[in-house]
Amino acid sequence: MKVLKRPEPINAEIILDTKQTIMSKTNPKGIIEYANDYFMEISGYEEFELIGQPHNVIRHPDMPKVIFKWLWERLKEKKNINALVKNLAKDGRFYWVITDFEVKLDDNGEIKSFSARRKAPPRSTIEKISALYKKILSIEQARGVEIAEKYFVGFLEEKGMTYDEFIEDICLSETQKPVDMKELQYYKRKGLFVRMFR
């Protein structure tokens, strides 16, 4: 399999349609098996270019490696996760997504595939997460992934949050948080992605 060459990034953003969802499916090794039309429209790749490629073909170099390390560790534990990610389009432009990953298991409980839904995150969220990712990336480049991970763990410990809780906290505004006990029960049952885009 010939892996696509990543383009040189340019400082131009693709603004996503808030009503559209980018969908993809990969095998357990992260090889793309399906991409919906909106994924192809935003990434700029044709279907024949994407299918069979590693999903990291759209990884933007501004993304810290430690985030993907955590993401893959979580998925391999058969746990779903939400993540805020900056992606790279074929023409070098970038786009931000809030991603909801889901692990699909076969009849024996083994990982069969990973599905992902992606939507446009709130603008305020992008500002908060990009500043944090920039710090983590600078530590990675100067001291390596292991030290950057220790910094990130310390950052989350100071906030008293897990990565999931931190992402949820910055993604949901006060008006999206529950106001009464009945809504609180619904809120706890539903995942972040469902609550953000209901």
# chains A, B, ... in the order shown; residues from 1 in each chain; ligands from 1
call {"tool": "residues_around", "arguments": {"residues": "stretch 139-143 of chain A", "least_positions_apart": "3", "cutoff": "12 Å", "atoms": "only C-alpha atoms", "output": "PyMOL selection string"}}
result
chain A and resi 61-67+132-136+146-152
call {"tool": "residues_around", "arguments": {"residues": "A:Ser113", "least_positions_apart": "2", "cutoff": "6 Å", "atoms": "only C-alpha atoms", "output": "mmCIF file with N, CA, C and O atoms, in the first residue's frame"}}
result
data_model
loop_
_atom_site.group_PDB
_atom_site.id
_atom_site.type_symbol
_atom_site.label_atom_id
_atom_site.label_comp_id
_atom_site.auth_asym_id
_atom_site.auth_seq_id
_atom_site.Cartn_x
_atom_site.Cartn_y
_atom_site.Cartn_z
ATOM 1 N N THR A 26 -12.567 2.664 10.684
ATOM 2 C CA THR A 26 -11.248 2.061 10.428
ATOM 3 C C THR A 26 -11.221 0.642 10.984
ATOM 4 O O THR A 26 -12.052 0.267 11.814
ATOM 5 N N ASN A 27 -10.226 -0.115 10.544
ATOM 6 C CA ASN A 27 -10.003 -1.428 11.138
ATOM 7 C C ASN A 27 -9.253 -1.230 12.462
ATOM 8 O O ASN A 27 -8.921 -0.095 12.820
ATOM 9 N N PRO A 28 -8.956 -2.295 13.206
ATOM 10 C CA PRO A 28 -8.287 -2.125 14.507
ATOM 11 C C PRO A 28 -6.908 -1.461 14.433
ATOM 12 O O PRO A 28 -6.417 -0.942 15.434
ATOM 13 N N LYS A 104 -16.243 -0.958 18.031
ATOM 14 C CA LYS A 104 -17.157 -2.036 17.628
ATOM 15 C C LYS A 104 -16.465 -3.364 17.906
ATOM 16 O O LYS A 104 -15.309 -3.567 17.499
ATOM 17 N N ILE A 111 -11.890 -6.421 19.212
ATOM 18 C CA ILE A 111 -12.137 -5.192 18.445
ATOM 19 C C ILE A 111 -12.244 -5.527 16.961
ATOM 20 O O ILE A 111 -11.361 -6.129 16.370
#
call {"tool": "residues_around", "arguments": {"residues": "stretch 115-118 of chain A", "least_positions_apart": "6", "cutoff": "6 Å", "atoms": "only C-alpha atoms", "output": "list in words"}}
result
Thr21, Ile22, Met23, Ser24, Lys25, Val97, Ile98, Thr99, Asp100, Phe101 and Glu102 of chain A
call {"tool": "select_by_dssp", "arguments": {"residues": "stretch 2-198 of chain A", "states": "helix (DSSP H, G or I)", "output": "PyMOL selection string"}}
result
chain A and resi 37-43+47-50+55-58+65-76+123-143+145-159+163-171+174-176+181-189+192-196
call {"tool": "residues_around", "arguments": {"residues": "A:Trp72", "least_positions_apart": "5", "cutoff": "10 Å", "atoms": "only C-alpha atoms", "output": "ChimeraX atom specification"}}
result
/A:29-30,66-67,77-79,81
call {"tool": "atom_distance", "arguments": {"atom1": "atom CA of A:Ile51", "atom2": "atom CA of A:Val85"}}
result
20.5 Å
